[in-house]
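Participant: First the structure, which I've put down as structure tokens, then a few questions once you've had a look.
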Amino acid sequence: MKTFCSQPLRRGFTLVELLIAMAITTIIASVLISVTAVAIDSWNRSRAELRASRQAKYMVDSMAKDFESLVTRSGNKFEWLSAKTATPLPGSNQQKSANASKLIFFTAATDRYDGKINSADDKGGDVSCVAYDLQYKDPIDGSNSSFSTFTLNRLLVNPDQTFNNLLSQAELEPAFQSYSPQLIDLKNFVCENIYQYSVTFYIAVTKNPGTATATTLNLPVSIGPTDGNGRIVDFRILGSGIQLAASPTSDVTTDELKAGRVTAVEISLTVISDFGIQQLRGEKNLRGNNMLKFMAKNSFQYSKRVTLPCM
């Protein structure tokens with residue numbers, strides 16, 4: 001009698017099992033891709049914020065140091081600080097800066113004579129003239145090109161030239177014109193991607209002086225593209241006091257402001273990420289809500305208040 005050994009039948013995966021396995025694999029792959037995309041986006045955002053904060057730090061630290069050693073002298077008719085809204089505002093044909101000021105003032109800068117104080121290069125004096133200007137240029141060669149961006153430049157005029165050419169001037173801006181072309185020099189570059197910056201002066205104003213109802217207000221006055229609503233386009237400090245065309249608020253009169261004392265200055269700025277600047281160069285329809293959404297996604301805000309020396 002013959003005995004036959006039965007062998008188990010060999011069978012593969014069914015179509016349903018293969019489809020289920022593929023579906024599970026697809027889900028796992030999708031989750032991994034999503035997690036990776038979120039991680040990369042977070043990394044890019046953190047990197048952009050870190051670079052933006054570094055750009056902002058360069059700017060506010062430089063300005064704060066100069067304002068902290070601001071130099072003014074009373075009892076004369078000379079101009080010691082000039083702050084005007086840039087006209088026209090810097091930017092490309094598609095997009096202009098929201099606000100920018102041209103600043104010129106005197107300061108006891110510690111980096112005068114390239115920091116070589118008390119050396120053979122030190123020609124004496126400690127009062128320098130400094131200017132800040134926001135421009136839309138190529139930060140490398142100062143030209144208008146496809147690599148143009150918003151660059152902040154700082155020009156420091158050494159004390160010897162300041163004494164000979166800039167001190168004792170009724171108006172600083174015309175006297176500074178001969179130095180203005182040097183602002184675009186690479187050595188005067190401070191930082192880039194500064195879309196806009198605002199300078200706000202805090203003025204201590206005494207209401208009803210010499211009376212029992214005398215009060216002191218600390219009034220903010222910002223330099224902006226239009227007058228009104230707390231803004232003015234032109235602010236100056238003379239040896240005879242503050243100079244402005246009109247009061248930006250109904251709380252105080254122009255004469256009360258002119259008799260006031262500047263106690264502090266606040267620097268507020270908006271920095272756009274590198275990716276945002278690339279979009280800004282080619283985008284032509286960033287208006288209204290589109291611009292608000294773009295700025296919310298690609299910009300960072302910073303500010304710093306500096307207490308000024310007694311004036």
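Scheme for the structure tokens: letters A, B, ... for chains in order shown; per-chain residue numbers from 1; ligand numbers from 1 in order shown.
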Restrict the calculation to only C-alpha atoms, then for each residue of segment 49-149 of chain A with any atom at most 12 Å from an atom of segment 272-295 of chain A give the closest atom pair and their distance in Å to one decimal, rows by chain and rising residue number, as a tab-separated table.
Facilitator:
residue	atom	partner	partner_atom	distance
A:Glu49	CA	A:Ser273	CA	7.5
A:Leu50	CA	A:Ser273	CA	9.7
A:Arg51	CA	A:Ser273	CA	7.8
A:Ala52	CA	A:Ser273	CA	6.4
A:Ser53	CA	A:Ser273	CA	10.1
A:Arg54	CA	A:Ser273	CA	11.4
A:Gln55	CA	A:Ile272	CA	9.9
A:Ala56	CA	A:Ile272	CA	10.3
A:Gly91	CA	A:Arg281	CA	9.5
A:Ser92	CA	A:Arg281	CA	7.4
A:Asn93	CA	A:Lys284	CA	8.9
A:Gln94	CA	A:Lys284	CA	5.4
A:Gln95	CA	A:Leu280	CA	7.2
A:Lys96	CA	A:Leu280	CA	10.0
A:Ser97	CA	A:Leu280	CA	11.1
A:Ala98	CA	A:Met291	CA	11.2
A:Tyr136	CA	A:Arg281	CA	11.0
A:Lys137	CA	A:Arg281	CA	11.9
A:Asn144	CA	A:Arg281	CA	11.8
A:Ser145	CA	A:Arg281	CA	10.3
A:Ser146	CA	A:Arg281	CA	7.8
A:Phe147	CA	A:Arg281	CA	8.6
A:Ser148	CA	A:Arg281	CA	8.2
A:Thr149	CA	A:Ile277	CA	7.1
Participant: Keeping only N, CA and C atoms, write those residues as an mmCIF file, in the first residue's frame.
Facilitator:
data_model
loop_
_atom_site.group_PDB
_atom_site.id
_atom_site.type_symbol
_atom_site.label_atom_id
_atom_site.label_comp_id
_atom_site.auth_asym_id
_atom_site.auth_seq_id
_atom_site.Cartn_x
_atom_site.Cartn_y
_atom_site.Cartn_z
ATOM 1 N N GLU A 49 14.514 84.360 11.448
ATOM 2 C CA GLU A 49 14.340 85.231 12.616
ATOM 3 C C GLU A 49 15.680 85.542 13.271
ATOM 4 N N LEU A 50 16.557 84.543 13.316
ATOM 5 C CA LEU A 50 17.879 84.761 13.905
ATOM 6 C C LEU A 50 18.675 85.776 13.092
ATOM 7 N N ARG A 51 18.629 85.636 11.770
ATOM 8 C CA ARG A 51 19.358 86.582 10.915
ATOM 9 C C ARG A 51 18.744 87.978 11.010
ATOM 10 N N ALA A 52 17.411 88.040 11.056
ATOM 11 C CA ALA A 52 16.745 89.336 11.172
ATOM 12 C C ALA A 52 17.089 90.014 12.493
ATOM 13 N N SER A 53 17.104 89.243 13.568
ATOM 14 C CA SER A 53 17.438 89.830 14.870
ATOM 15 C C SER A 53 18.882 90.316 14.893
ATOM 16 N N ARG A 54 19.754 89.610 14.164
ATOM 17 C CA ARG A 54 21.148 90.037 14.093
ATOM 18 C C ARG A 54 21.264 91.352 13.317
ATOM 19 N N GLN A 55 20.517 91.468 12.218
ATOM 20 C CA GLN A 55 20.521 92.716 11.456
ATOM 21 C C GLN A 55 19.988 93.868 12.312
ATOM 22 N N ALA A 56 18.884 93.600 13.031
ATOM 23 C CA ALA A 56 18.299 94.635 13.886
ATOM 24 C C ALA A 56 19.256 95.042 14.995
ATOM 25 N N GLY A 91 13.371 102.434 -2.292
ATOM 26 C CA GLY A 91 12.676 101.225 -2.725
ATOM 27 C C GLY A 91 12.710 101.082 -4.228
ATOM 28 N N SER A 92 12.165 99.974 -4.703
ATOM 29 C CA SER A 92 12.102 99.716 -6.137
ATOM 30 C C SER A 92 10.857 100.374 -6.719
ATOM 31 N N ASN A 93 10.683 100.241 -8.029
ATOM 32 C CA ASN A 93 9.487 100.786 -8.665
ATOM 33 C C ASN A 93 8.235 100.064 -8.198
ATOM 34 N N GLN A 94 8.399 98.772 -7.817
ATOM 35 C CA GLN A 94 7.254 97.992 -7.371
ATOM 36 C C GLN A 94 6.889 98.269 -5.918
ATOM 37 N N GLN A 95 7.898 98.499 -5.068
ATOM 38 C CA GLN A 95 7.629 98.619 -3.642
ATOM 39 C C GLN A 95 8.570 99.611 -2.979
ATOM 40 N N LYS A 96 7.988 100.609 -2.324
ATOM 41 C CA LYS A 96 8.762 101.598 -1.584
ATOM 42 C C LYS A 96 8.741 101.268 -0.096
ATOM 43 N N SER A 97 9.740 101.787 0.609
ATOM 44 C CA SER A 97 9.763 101.662 2.061
ATOM 45 C C SER A 97 8.580 102.415 2.664
ATOM 46 N N ALA A 98 8.069 101.916 3.795
ATOM 47 C CA ALA A 98 6.942 102.574 4.455
ATOM 48 C C ALA A 98 7.371 103.843 5.178
ATOM 49 N N TYR A 136 18.057 101.952 -1.168
ATOM 50 C CA TYR A 136 17.759 100.705 -1.876
ATOM 51 C C TYR A 136 18.851 100.503 -2.916
ATOM 52 N N LYS A 137 19.878 99.751 -2.540
ATOM 53 C CA LYS A 137 21.062 99.579 -3.375
ATOM 54 C C LYS A 137 21.596 98.156 -3.240
ATOM 55 N N ASN A 144 22.261 100.046 -8.512
ATOM 56 C CA ASN A 144 20.925 99.468 -8.617
ATOM 57 C C ASN A 144 21.011 98.240 -9.511
ATOM 58 N N SER A 145 20.712 97.080 -8.947
ATOM 59 C CA SER A 145 20.828 95.840 -9.704
ATOM 60 C C SER A 145 19.766 94.862 -9.226
ATOM 61 N N SER A 146 19.807 93.651 -9.783
ATOM 62 C CA SER A 146 18.851 92.618 -9.374
ATOM 63 C C SER A 146 19.111 92.135 -7.955
ATOM 64 N N PHE A 147 20.237 92.542 -7.369
ATOM 65 C CA PHE A 147 20.564 92.157 -5.993
ATOM 66 C C PHE A 147 20.327 93.306 -5.007
ATOM 67 N N SER A 148 19.650 94.353 -5.455
ATOM 68 C CA SER A 148 19.403 95.492 -4.581
ATOM 69 C C SER A 148 18.513 95.099 -3.411
ATOM 70 N N THR A 149 18.750 95.725 -2.279
ATOM 71 C CA THR A 149 17.940 95.518 -1.083
ATOM 72 C C THR A 149 17.979 96.799 -0.260
#
Participant: Just the residues within 6 Å of segment 185-191 of chain A, please, counting only C-alpha atoms, with nothing from its chain fewer than 3 positions along; format it as a list in words.
Facilitator: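 These residues fall inside the cut-off: Gln55, Thr151, Leu152, Asn153, Arg154, Leu155 and Gln182 of chain A.
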Participant: Atoms to include: C-alpha atoms. Write the selected residues as a PDB file, in the first residue's frame.
Facilitator:
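As a result, selection.pdb now contains:
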ATOM      1  CA  GLN A  55      20.521  92.716  11.456  1.00  0.00           C
ATOM      2  CA  THR A 151      20.545  98.895   3.231  1.00  0.00           C
ATOM      3  CA  LEU A 152      21.251 101.119   6.203  1.00  0.00           C
ATOM      4  CA  ASN A 153      24.465 103.126   5.964  1.00  0.00           C
ATOM      5  CA  ARG A 154      26.285 105.112   8.638  1.00  0.00           C
ATOM      6  CA  LEU A 155      28.886 107.764   7.880  1.00  0.00           C
ATOM      7  CA  GLN A 182      30.456 108.581   0.804  1.00  0.00           C
TER       8      GLN A 182
END
Participant: Against segment 246-257 of chain A, which residues of segment 145-238 of chain A fall within 9 Å? For each one I want the closest pair of atoms and the distance in Å (one decimal), counting only C-alpha atoms, rows by chain and increasing residue number, as a Markdown table.
Facilitator:
| residue | atom | partner | partner_atom | distance |
| --- | --- | --- | --- | --- |
| A:Ile203 | CA | A:Leu257 | CA | 7.4 |
| A:Ala204 | CA | A:Leu257 | CA | 8.3 |
| A:Val205 | CA | A:Leu257 | CA | 6.1 |
| A:Thr206 | CA | A:Glu256 | CA | 7.1 |
| A:Lys207 | CA | A:Glu256 | CA | 7.3 |
| A:Leu219 | CA | A:Leu257 | CA | 8.8 |
| A:Val221 | CA | A:Pro248 | CA | 7.1 |
| A:Ser222 | CA | A:Pro248 | CA | 8.8 |
| A:Asp227 | CA | A:Pro248 | CA | 6.6 |
| A:Gly228 | CA | A:Pro248 | CA | 4.8 |
| A:Asn229 | CA | A:Pro248 | CA | 6.1 |
| A:Gly230 | CA | A:Pro248 | CA | 4.7 |
| A:Arg231 | CA | A:Pro248 | CA | 5.6 |
| A:Ile232 | CA | A:Pro248 | CA | 6.2 |
Participant: Looking at A:Thr14, A:Thr110, A:Asn158, A:Asn99, which one is nearest to Ser69 of chain A, with distances taken over only C-alpha atoms?
Facilitator: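 Result for the nearest residue to Ser69 of chain A: A:Thr110.
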Participant: Tell me which protein, DNA and RNA residues are within 7 Å of Ser128 of chain A, counting only C-alpha atoms, leaving out same-chain ones fewer than 4 positions away, and put them as a PyMOL selection string.
Facilitator: chain A and resi 106-109+156-159+162
Participant: What does the distance from atom CA of Val262 of chain A to atom CA of Lys304 of chain A come to in Å, to one decimal?
Facilitator: 16.0 Å
Participant: Just the residues within 10 Å of Ala64 of chain A, please, counting only C-alpha atoms, with nothing from its chain fewer than 3 positions along; format it as a list in words.
Facilitator: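 Residues meeting the cut-off are Met59, Val60, Asp61, Phe67, Glu68, Ser69, Leu70, Val265, Glu266, Ile267, Lys304, Arg305, Val306, Thr307 and Leu308 of chain A.
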Participant: Keeping only N, CA and C atoms, take the residues you just selected and write them out as a PDB file, in the first residue's frame.
Facilitator:
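Result file again_23.pdb:
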ATOM      1  N   MET A  59      21.831  97.475  13.841  1.00  0.00           N
ATOM      2  CA  MET A  59      21.299  98.817  13.625  1.00  0.00           C
ATOM      3  C   MET A  59      21.034  99.537  14.940  1.00  0.00           C
ATOM      4  N   VAL A  60      20.267  98.901  15.836  1.00  0.00           N
ATOM      5  CA  VAL A  60      19.880  99.602  17.069  1.00  0.00           C
ATOM      6  C   VAL A  60      21.082  99.834  17.977  1.00  0.00           C
ATOM      7  N   ASP A  61      22.031  98.897  17.991  1.00  0.00           N
ATOM      8  CA  ASP A  61      23.221  99.102  18.822  1.00  0.00           C
ATOM      9  C   ASP A  61      24.044 100.280  18.319  1.00  0.00           C
ATOM     10  N   PHE A  67      23.403 107.936  19.873  1.00  0.00           N
ATOM     11  CA  PHE A  67      22.458 108.811  20.574  1.00  0.00           C
ATOM     12  C   PHE A  67      22.821 108.969  22.049  1.00  0.00           C
ATOM     13  N   GLU A  68      23.369 107.934  22.650  1.00  0.00           N
ATOM     14  CA  GLU A  68      23.752 108.022  24.061  1.00  0.00           C
ATOM     15  C   GLU A  68      24.839 109.070  24.292  1.00  0.00           C
ATOM     16  N   SER A  69      25.628 109.336  23.266  1.00  0.00           N
ATOM     17  CA  SER A  69      26.684 110.352  23.390  1.00  0.00           C
ATOM     18  C   SER A  69      26.375 111.580  22.532  1.00  0.00           C
ATOM     19  N   LEU A  70      25.066 111.846  22.340  1.00  0.00           N
ATOM     20  CA  LEU A  70      24.630 113.018  21.573  1.00  0.00           C
ATOM     21  C   LEU A  70      25.218 114.296  22.167  1.00  0.00           C
ATOM     22  N   VAL A 265      14.912 108.836  22.888  1.00  0.00           N
ATOM     23  CA  VAL A 265      14.588 108.551  21.493  1.00  0.00           C
ATOM     24  C   VAL A 265      14.341 107.053  21.363  1.00  0.00           C
ATOM     25  N   GLU A 266      13.320 106.701  20.594  1.00  0.00           N
ATOM     26  CA  GLU A 266      12.984 105.292  20.373  1.00  0.00           C
ATOM     27  C   GLU A 266      13.176 104.952  18.902  1.00  0.00           C
ATOM     28  N   ILE A 267      13.862 103.860  18.655  1.00  0.00           N
ATOM     29  CA  ILE A 267      14.123 103.393  17.293  1.00  0.00           C
ATOM     30  C   ILE A 267      13.279 102.151  17.053  1.00  0.00           C
ATOM     31  N   LYS A 304      13.845  99.874  20.329  1.00  0.00           N
ATOM     32  CA  LYS A 304      14.692 100.143  21.490  1.00  0.00           C
ATOM     33  C   LYS A 304      14.603 101.620  21.834  1.00  0.00           C
ATOM     34  N   ARG A 305      14.475 101.904  23.141  1.00  0.00           N
ATOM     35  CA  ARG A 305      14.431 103.289  23.604  1.00  0.00           C
ATOM     36  C   ARG A 305      15.755 103.638  24.274  1.00  0.00           C
ATOM     37  N   VAL A 306      16.255 104.820  23.947  1.00  0.00           N
ATOM     38  CA  VAL A 306      17.542 105.278  24.466  1.00  0.00           C
ATOM     39  C   VAL A 306      17.330 106.581  25.225  1.00  0.00           C
ATOM     40  N   THR A 307      17.813 106.632  26.453  1.00  0.00           N
ATOM     41  CA  THR A 307      17.759 107.867  27.227  1.00  0.00           C
ATOM     42  C   THR A 307      18.876 108.793  26.778  1.00  0.00           C
ATOM     43  N   LEU A 308      18.526 110.034  26.479  1.00  0.00           N
ATOM     44  CA  LEU A 308      19.506 110.988  25.964  1.00  0.00           C
ATOM     45  C   LEU A 308      20.177 111.752  27.096  1.00  0.00           C
TER      46      LEU A 308
END
Participant: Enumerate, as JSON, numbers by chain, the complete set of residues in segment 111-287 of chain A that a backbone-based DSSP assignment places in strand (DSSP E or B).
Facilitator: {"A": [128, 129, 130, 131, 132, 133, 134, 135, 136, 137, 149, 150, 151, 152, 153, 154, 155, 156, 157, 189, 190, 191, 192, 194, 195, 196, 197, 198, 199, 200, 201, 202, 203, 204, 205, 206, 207, 215, 216, 217, 218, 219, 220, 221, 222, 223, 228, 231, 232, 234, 235, 236, 237, 238, 241, 242, 243, 261, 262, 263, 264, 265, 266, 267, 268, 269, 270, 271, 272]}
Participant: Could those selected residues go to a file with C-alpha atoms, as a tab-separated table (two decimals), in the first residue's frame?
Facilitator:
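Everything below was put into again.tsv:
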chain	number	residue	atom	x	y	z
A	128	SER	CA	32.12	113.91	15.45
A	129	CYS	CA	29.23	114.26	13.04
A	130	VAL	CA	27.31	111.11	12.13
A	131	ALA	CA	24.66	110.48	9.47
A	132	TYR	CA	22.28	107.58	8.90
A	133	ASP	CA	20.45	106.92	5.65
A	134	LEU	CA	18.32	104.04	4.36
A	135	GLN	CA	18.88	103.30	0.67
A	136	TYR	CA	17.76	100.70	-1.88
A	137	LYS	CA	21.06	99.58	-3.38
A	149	THR	CA	17.94	95.52	-1.08
A	150	PHE	CA	17.19	98.00	1.68
A	151	THR	CA	20.54	98.89	3.23
A	152	LEU	CA	21.25	101.12	6.20
A	153	ASN	CA	24.46	103.13	5.96
A	154	ARG	CA	26.29	105.11	8.64
A	155	LEU	CA	28.89	107.76	7.88
A	156	LEU	CA	31.06	109.13	10.67
A	157	VAL	CA	32.95	112.37	10.02
A	189	PHE	CA	27.41	99.62	5.43
A	190	VAL	CA	25.67	98.67	8.70
A	191	CYS	CA	22.97	96.11	7.84
A	192	GLU	CA	20.51	95.10	5.14
A	194	ILE	CA	15.65	97.03	6.83
A	195	TYR	CA	12.27	97.65	5.17
A	196	GLN	CA	11.45	100.68	7.31
A	197	TYR	CA	12.48	102.39	10.50
A	198	SER	CA	10.91	105.11	12.60
A	199	VAL	CA	12.55	107.49	15.05
A	200	THR	CA	10.43	108.84	17.90
A	201	PHE	CA	11.64	111.67	20.12
A	202	TYR	CA	10.19	111.95	23.63
A	203	ILE	CA	9.86	115.59	24.66
A	204	ALA	CA	9.24	116.76	28.21
A	205	VAL	CA	6.80	119.65	27.83
A	206	THR	CA	5.66	121.88	30.69
A	207	LYS	CA	2.04	123.03	30.50
A	215	THR	CA	2.25	119.93	34.64
A	216	THR	CA	4.93	118.11	32.67
A	217	LEU	CA	4.04	115.83	29.76
A	218	ASN	CA	6.39	113.36	28.10
A	219	LEU	CA	5.15	113.68	24.53
A	220	PRO	CA	6.25	111.29	21.73
A	221	VAL	CA	6.95	112.91	18.36
A	222	SER	CA	7.68	110.53	15.46
A	223	ILE	CA	9.36	111.28	12.16
A	228	GLY	CA	-0.31	114.85	11.96
A	231	ARG	CA	4.06	112.59	13.31
A	232	ILE	CA	6.10	115.32	11.66
A	234	ASP	CA	11.05	117.56	9.90
A	235	PHE	CA	12.53	117.74	13.42
A	236	ARG	CA	15.59	119.74	14.47
A	237	ILE	CA	17.47	120.63	17.62
A	238	LEU	CA	19.10	124.05	17.63
A	241	GLY	CA	15.74	124.91	21.36
A	242	ILE	CA	13.61	122.46	19.41
A	243	GLN	CA	12.61	123.48	15.88
A	261	ARG	CA	13.45	119.10	26.39
A	262	VAL	CA	14.20	115.88	24.50
A	263	THR	CA	14.58	113.12	27.10
A	264	ALA	CA	14.73	109.95	25.00
A	265	VAL	CA	14.59	108.55	21.49
A	266	GLU	CA	12.98	105.29	20.37
A	267	ILE	CA	14.12	103.39	17.29
A	268	SER	CA	11.53	101.07	15.72
A	269	LEU	CA	12.28	98.98	12.65
A	270	THR	CA	10.95	96.25	10.40
A	271	VAL	CA	13.34	93.64	9.02
A	272	ILE	CA	12.33	91.43	6.08
Participant: DSSP says helix (DSSP H, G or I) for which residues of segment 102-200 of chain A? Put them as a list in words?
Facilitator: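 Helix (DSSP H, G or I) assignments inside segment 102-200 of chain A correspond to Arg112, Tyr113, Asp114, Gly115, Pro159, Asp160, Gln161, Thr162, Phe163, Asn164, Asn165, Leu166, Leu172, Glu173, Pro174, Ala175, Phe176, Gln177, Ser178, Tyr179, Ser180, Pro181, Gln182, Leu183, Ile184, Leu186, Lys187 and Asn188 of chain A.
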Participant: With C-alpha atoms kept, could you save the residues just selected as a tab-separated table (two decimals), in the first residue's frame?
Facilitator:
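Below you can see selection34.tsv, which holds the result:
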chain	number	residue	atom	x	y	z
A	112	ARG	CA	36.42	108.26	15.61
A	113	TYR	CA	39.67	108.09	13.66
A	114	ASP	CA	38.88	104.41	13.01
A	115	GLY	CA	39.11	103.74	16.73
A	159	PRO	CA	36.37	115.56	14.69
A	160	ASP	CA	38.95	117.52	12.68
A	161	GLN	CA	36.70	117.69	9.58
A	162	THR	CA	33.64	118.17	11.77
A	163	PHE	CA	35.23	121.20	13.40
A	164	ASN	CA	36.32	122.73	10.09
A	165	ASN	CA	33.24	122.03	7.96
A	166	LEU	CA	30.17	121.12	10.01
A	172	LEU	CA	23.30	120.72	8.89
A	173	GLU	CA	21.84	119.09	5.78
A	174	PRO	CA	23.26	121.55	3.19
A	175	ALA	CA	26.61	121.57	4.98
A	176	PHE	CA	26.70	117.76	4.91
A	177	GLN	CA	26.00	117.50	1.17
A	178	SER	CA	29.67	117.17	0.23
A	179	TYR	CA	29.94	114.05	2.43
A	180	SER	CA	26.70	112.38	1.26
A	181	PRO	CA	28.26	110.46	-1.69
A	182	GLN	CA	30.46	108.58	0.80
A	183	LEU	CA	27.39	107.03	2.44
A	184	ILE	CA	27.18	104.27	-0.17
A	186	LEU	CA	31.00	99.54	1.52
A	187	LYS	CA	32.87	100.50	4.70
A	188	ASN	CA	29.83	102.54	5.80
Participant: Could you check the closest approach to Ser62 of chain A for each of A:Asp111, A:Asp138, A:Asp122, A:Glu17 and tell me which residue wins, using only C-alpha atoms?
Facilitator: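 Ranking A:Asp111, A:Asp138, A:Asp122, A:Glu17 by distance to Ser62 of chain A, first place goes to A:Asp111.
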Participant: Quick one: residues within 9 Å of Gln169 of chain A, only C-alpha atoms counted, chain neighbours fewer than 6 positions away excluded, as a VMD selection string?
Facilitator: chain A and resid 77 to 80 175
